[in-house]
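Report on the following structure.
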Amino acid sequence: MKFSVLTIFPHMFDSVLNESILKRAIGKKIIEVELVDIRNFSKDKTHRIDRPPVGGGAGLIMQCQPIHDALNATKSPNSHVVLLSPRGKMYNQEIAKQFKNVDHLIIICGHYEGIDERIYNYADEIISIGDYVLTGGEIAAMSIIDSVARLKEGVISTESLDNESFENDLLEYPQYAEPYDFKGDKIPQILYSGNHLAIQKYRLYQSLKLTKELRPDLFAKHKLTKGEKKLIDEYAKEKIPKFEAEAIKKGIKFIKNK
Ligand code: ADE
């Protein structure tokens, strides 16, 4: 998959693309990131790409011509053009999954006070990464590249993708790493039981509980299965339901020295 980013600050991407998982994904040729400097397309002698707003007002507005020409030079038959702007559709995991299937994603980063309104006509989609205003689209573009790249096959383990947040409109269950006791705060004993089915049920309940508490909007979208309803009932009746208590008891040898 190819990403082309139209930007006036290509160097902002240097460290992000040269570290960790994105670096590896690029090294393995699973993704390619092309940085297109909009300034190179300016017809101005001094490579200016912006002018004050017509009609007055603060700041500078990015002009149509350099962005338009940069886009024309970058487009391919399979490209999908995204313009980043606080006015766009809110980005989420669902959109990341759609972008994963695009061959060539072109991302236009706006800057300064804004871009000429007429540029919006050249985008297939307008995307925002949240209800706040960034100094430019670059950090939003990095978020999109990162979130899409990790979904591509071979970038991270498929197991990590199966249980993660937003799958099924649920947040991921809580995770722990040794030590067992950190300043009196202990890892739930069920996780030491060795009973994978009981651990799975416990984690599913935690995931449901966490989503209900922290993201009621997501929880409302989630369709509870029969099994999930039963699980919620079991935990409503007892703090530690029978299946969990039994799994802990059977795994007691392992738990004893904890
Ligand atoms: N540019 C400035 N703010 C932005 C935002 N919230 N999302 C996407 N692009 C932006």
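Chain lettering (A, B, ...) mirrors the order of the structure tokens, residue numbering begins at 1 for each chain separately, and ligand numbering begins at 1 in order of display.
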
Distance filter 10 Å around ligand 1, atoms: only C-alpha atoms and all ligand atoms, out as a ChimeraX atom specification: /A:83-91,108-114,126-141,143-144

Save the residues we just selected, N, CA and C atoms, as a CSV table (one decimal), in the first residue's frame?
chain,number,residue,atom,x,y,z
A,83,LEU,N,-8.5,14.9,2.4
A,83,LEU,CA,-8.0,16.2,2.9
A,83,LEU,C,-8.2,16.3,4.4
A,84,LEU,N,-7.2,16.7,5.1
A,84,LEU,CA,-7.3,16.7,6.6
A,84,LEU,C,-7.8,18.1,7.0
A,85,SER,N,-8.8,18.1,7.8
A,85,SER,CA,-9.4,19.4,8.2
A,85,SER,C,-10.2,19.2,9.5
A,86,PRO,N,-10.3,20.1,10.4
A,86,PRO,CA,-11.1,20.0,11.6
A,86,PRO,C,-12.6,19.9,11.2
A,87,ARG,N,-12.9,20.3,10.0
A,87,ARG,CA,-14.4,20.2,9.6
A,87,ARG,C,-14.8,18.8,9.1
A,88,GLY,N,-13.8,17.9,8.9
A,88,GLY,CA,-14.1,16.6,8.3
A,88,GLY,C,-14.8,15.6,9.1
A,89,LYS,N,-15.1,14.5,8.5
A,89,LYS,CA,-15.7,13.3,9.2
A,89,LYS,C,-14.7,12.8,10.2
A,90,MET,N,-15.3,12.5,11.4
A,90,MET,CA,-14.4,12.0,12.5
A,90,MET,C,-13.8,10.7,12.2
A,91,TYR,N,-12.4,10.7,12.3
A,91,TYR,CA,-11.7,9.4,12.0
A,91,TYR,C,-11.9,8.4,13.1
A,108,ILE,N,-3.7,15.1,2.1
A,108,ILE,CA,-3.4,16.5,1.9
A,108,ILE,C,-3.4,17.2,3.3
A,109,CYS,N,-2.2,17.8,3.7
A,109,CYS,CA,-2.1,18.4,5.0
A,109,CYS,C,-2.3,19.9,4.8
A,110,GLY,N,-3.3,20.5,5.4
A,110,GLY,CA,-3.5,22.0,5.4
A,110,GLY,C,-2.6,22.6,6.5
A,111,HIS,N,-2.5,23.9,6.4
A,111,HIS,CA,-1.6,24.6,7.4
A,111,HIS,C,-2.1,26.0,7.6
A,112,TYR,N,-1.4,26.7,8.6
A,112,TYR,CA,-1.7,28.1,8.9
A,112,TYR,C,-3.2,28.3,9.2
A,113,GLU,N,-3.7,29.4,8.7
A,113,GLU,CA,-5.1,29.7,9.0
A,113,GLU,C,-6.1,28.9,8.2
A,114,GLY,N,-5.6,28.2,7.2
A,114,GLY,CA,-6.5,27.4,6.4
A,114,GLY,C,-6.1,27.2,5.0
A,126,ILE,N,-13.1,14.3,3.4
A,126,ILE,CA,-12.5,15.2,4.3
A,126,ILE,C,-12.5,14.5,5.7
A,127,ILE,N,-11.4,14.5,6.3
A,127,ILE,CA,-11.2,13.7,7.6
A,127,ILE,C,-10.7,14.6,8.7
A,128,SER,N,-11.2,14.5,9.9
A,128,SER,CA,-10.7,15.2,11.1
A,128,SER,C,-10.3,14.1,12.1
A,129,ILE,N,-9.3,14.3,12.8
A,129,ILE,CA,-8.9,13.3,13.8
A,129,ILE,C,-9.5,13.7,15.2
A,130,GLY,N,-10.2,14.7,15.3
A,130,GLY,CA,-10.8,15.1,16.6
A,130,GLY,C,-11.3,16.5,16.7
A,131,ASP,N,-12.1,16.8,17.6
A,131,ASP,CA,-12.7,18.1,17.7
A,131,ASP,C,-11.7,19.1,18.5
A,132,TYR,N,-10.6,19.3,17.8
A,132,TYR,CA,-9.6,20.3,18.3
A,132,TYR,C,-8.8,20.7,17.1
A,133,VAL,N,-8.1,21.8,17.2
A,133,VAL,CA,-7.5,22.4,16.1
A,133,VAL,C,-5.9,22.2,16.2
A,134,LEU,N,-5.3,21.5,15.3
A,134,LEU,CA,-3.9,21.3,15.2
A,134,LEU,C,-3.3,22.5,14.4
A,135,THR,N,-2.0,22.6,14.5
A,135,THR,CA,-1.3,23.7,13.7
A,135,THR,C,-1.3,23.3,12.2
A,136,GLY,N,-1.4,22.0,12.0
A,136,GLY,CA,-1.5,21.6,10.6
A,136,GLY,C,-1.9,20.1,10.5
A,137,GLY,N,-2.0,19.6,9.3
A,137,GLY,CA,-2.5,18.2,9.2
A,137,GLY,C,-1.5,17.1,9.4
A,138,GLU,N,-0.2,17.5,9.5
A,138,GLU,CA,0.9,16.5,9.6
A,138,GLU,C,0.7,15.5,10.7
A,139,ILE,N,0.4,16.0,11.9
A,139,ILE,CA,0.2,15.0,13.0
A,139,ILE,C,-1.0,14.1,12.8
A,140,ALA,N,-2.0,14.7,12.2
A,140,ALA,CA,-3.2,13.9,11.8
A,140,ALA,C,-2.8,12.8,10.8
A,141,ALA,N,-2.0,13.2,9.8
A,141,ALA,CA,-1.6,12.3,8.7
A,141,ALA,C,-0.8,11.1,9.3
A,143,SER,N,-1.1,10.0,12.4
A,143,SER,CA,-2.0,9.1,13.1
A,143,SER,C,-2.7,8.1,12.1
A,144,ILE,N,-3.1,8.7,10.9
A,144,ILE,CA,-3.8,7.8,10.0
A,144,ILE,C,-2.8,6.8,9.4

Strand (DSSP E or B) call set, DSSP backbone run, range 124-166 of chain A, as number ranges by chain: A: 125-128, 136

Using only C-alpha atoms, which residues of range 66-172 of chain A come within 7 Å of range 28-43 of chain A, and what is the closest atom pair for each, with the distance in Å to one decimal? Give it as CSV, sorted by chain and residue number.
residue,atom,partner,partner_atom,distance
A:Pro66,CA,A:Phe41,CA,4.9
A:Ile67,CA,A:Ile38,CA,6.0
A:Asp69,CA,A:Phe41,CA,6.3
A:Ala70,CA,A:Ile38,CA,5.9
A:Ala149,CA,A:Ile31,CA,6.9

Restrict the selected residues to N, CA and C atoms and save them as a CSV table (one decimal), in the first residue's frame.
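Just written: again_5.csv:
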chain,number,residue,atom,x,y,z
A,66,PRO,N,-0.5,25.5,-5.9
A,66,PRO,CA,0.5,24.5,-5.6
A,66,PRO,C,-0.1,23.2,-5.1
A,67,ILE,N,-1.2,23.3,-4.4
A,67,ILE,CA,-1.8,22.0,-3.9
A,67,ILE,C,-2.4,21.2,-5.1
A,69,ASP,N,-1.5,21.3,-8.2
A,69,ASP,CA,-0.5,20.8,-9.1
A,69,ASP,C,0.2,19.6,-8.4
A,70,ALA,N,0.5,19.7,-7.1
A,70,ALA,CA,1.1,18.6,-6.4
A,70,ALA,C,0.2,17.4,-6.4
A,149,ALA,N,-1.4,1.3,8.9
A,149,ALA,CA,-0.3,0.4,8.6
A,149,ALA,C,-0.3,-0.8,9.5

DSSP-assigned helix (DSSP H, G or I) members of range 194-234 of chain A, reported as number ranges by chain: A: 196-214, 216-221, 226-234

Using only C-alpha atoms, please write the residues we just selected to a file, as a JSON list (two decimals), in the first residue's frame.
[["chain", "number", "residue", "atom", "x", "y", "z"],
["A", 196, "HIS", "CA", -7.90, -20.51, 29.36],
["A", 197, "LEU", "CA", -11.66, -20.71, 29.01],
["A", 198, "ALA", "CA", -12.23, -19.12, 32.43],
["A", 199, "ILE", "CA", -9.64, -16.43, 31.64],
["A", 200, "GLN", "CA", -11.38, -15.74, 28.34],
["A", 201, "LYS", "CA", -14.75, -15.34, 30.09],
["A", 202, "TYR", "CA", -13.23, -13.15, 32.79],
["A", 203, "ARG", "CA", -11.57, -10.95, 30.17],
["A", 204, "LEU", "CA", -14.75, -10.66, 28.14],
["A", 205, "TYR", "CA", -16.63, -9.51, 31.23],
["A", 206, "GLN", "CA", -13.90, -6.96, 32.04],
["A", 207, "SER", "CA", -14.09, -5.71, 28.49],
["A", 208, "LEU", "CA", -17.87, -5.28, 28.72],
["A", 209, "LYS", "CA", -17.62, -3.61, 32.14],
["A", 210, "LEU", "CA", -14.88, -1.22, 31.09],
["A", 211, "THR", "CA", -16.72, -0.22, 27.91],
["A", 212, "LYS", "CA", -19.96, 0.39, 29.82],
["A", 213, "GLU", "CA", -18.15, 2.56, 32.37],
["A", 214, "LEU", "CA", -15.78, 4.47, 30.11],
["A", 216, "PRO", "CA", -21.25, 4.24, 27.15],
["A", 217, "ASP", "CA", -21.62, 5.44, 23.54],
["A", 218, "LEU", "CA", -19.70, 2.39, 22.26],
["A", 219, "PHE", "CA", -21.48, 0.06, 24.67],
["A", 220, "ALA", "CA", -24.86, 1.21, 23.34],
["A", 221, "LYS", "CA", -23.77, 0.18, 19.83],
["A", 226, "LYS", "CA", -26.74, -14.55, 24.94],
["A", 227, "GLY", "CA", -23.44, -15.67, 26.45],
["A", 228, "GLU", "CA", -22.48, -12.08, 27.29],
["A", 229, "LYS", "CA", -25.84, -11.44, 28.96],
["A", 230, "LYS", "CA", -25.37, -14.61, 31.03],
["A", 231, "LEU", "CA", -21.88, -13.53, 32.01],
["A", 232, "ILE", "CA", -23.11, -10.10, 33.13],
["A", 233, "ASP", "CA", -25.82, -11.81, 35.21],
["A", 234, "GLU", "CA", -23.26, -14.10, 36.84]]

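With only C-alpha atoms as the atoms that count, the residue of A:Val82, A:Ile145, A:Ala73, A:Ile107 with the shortest distance to Lys23 in chain A is A:Ile145.
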
Of the listed residues A:Leu105, A:Ile252, A:Leu22, A:Leu170, that which approaches Ser76 in chain A most closely, counting only C-alpha atoms: A:Leu105

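The space between CA of Pro10 in chain A and CA of Leu71 in chain A spans 15.1 Å.
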
All residues 8 Å or closer to Ile21 in chain A, only C-alpha atoms, same chain fewer than 3 positions away omitted, as an mmCIF file with C-alpha atoms, in the first residue's frame:
data_model
loop_
_atom_site.group_PDB
_atom_site.id
_atom_site.type_symbol
_atom_site.label_atom_id
_atom_site.label_comp_id
_atom_site.auth_asym_id
_atom_site.auth_seq_id
_atom_site.Cartn_x
_atom_site.Cartn_y
_atom_site.Cartn_z
ATOM 1 C CA ARG A 24 9.778 -2.195 9.836
ATOM 2 C CA ALA A 25 6.609 -2.036 7.715
ATOM 3 C CA ARG A 150 -0.677 -1.706 11.756
ATOM 4 C CA VAL A 155 2.963 -5.608 10.307
ATOM 5 C CA ILE A 156 1.866 -6.852 13.747
#

Minimum-distance residue to Asn78 in chain A, chosen among A:Asn101, A:Ser160, A:Thr225, A:Asn195 (using only C-alpha atoms): A:Asn101

Range 175-179 of chain A surroundings by only C-alpha atoms, 12 Å radius, close-in-sequence under 2 positions cut, as a list of chain:residue names: A:Asn163, A:Glu164, A:Leu171, A:Glu172, A:Tyr173, A:Asp181, A:Phe182, A:Lys183, A:Gly184, A:Asp185, A:Lys186, A:Ile187, A:Pro188, A:Gln189, A:Ile190, A:Leu191, A:Tyr192, A:Ile199, A:Tyr202, A:Arg203, A:Gln206, A:Ser207, A:Lys258

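Between Glu244 in chain A and the residues A:Ser193, A:Glu125, A:His104, A:Gly27, the shortest atom-to-atom distance, using only C-alpha atoms, involves A:Ser193.
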
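The smallest atom-to-atom distance between Glu246 in chain A and any of A:Leu60, A:Gly194, A:Gly55, A:Met1, using only C-alpha atoms, is found for A:Gly194.
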
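One finds CA of Asp44 in chain A at 25.1 Å from CA of Val81 in chain A.
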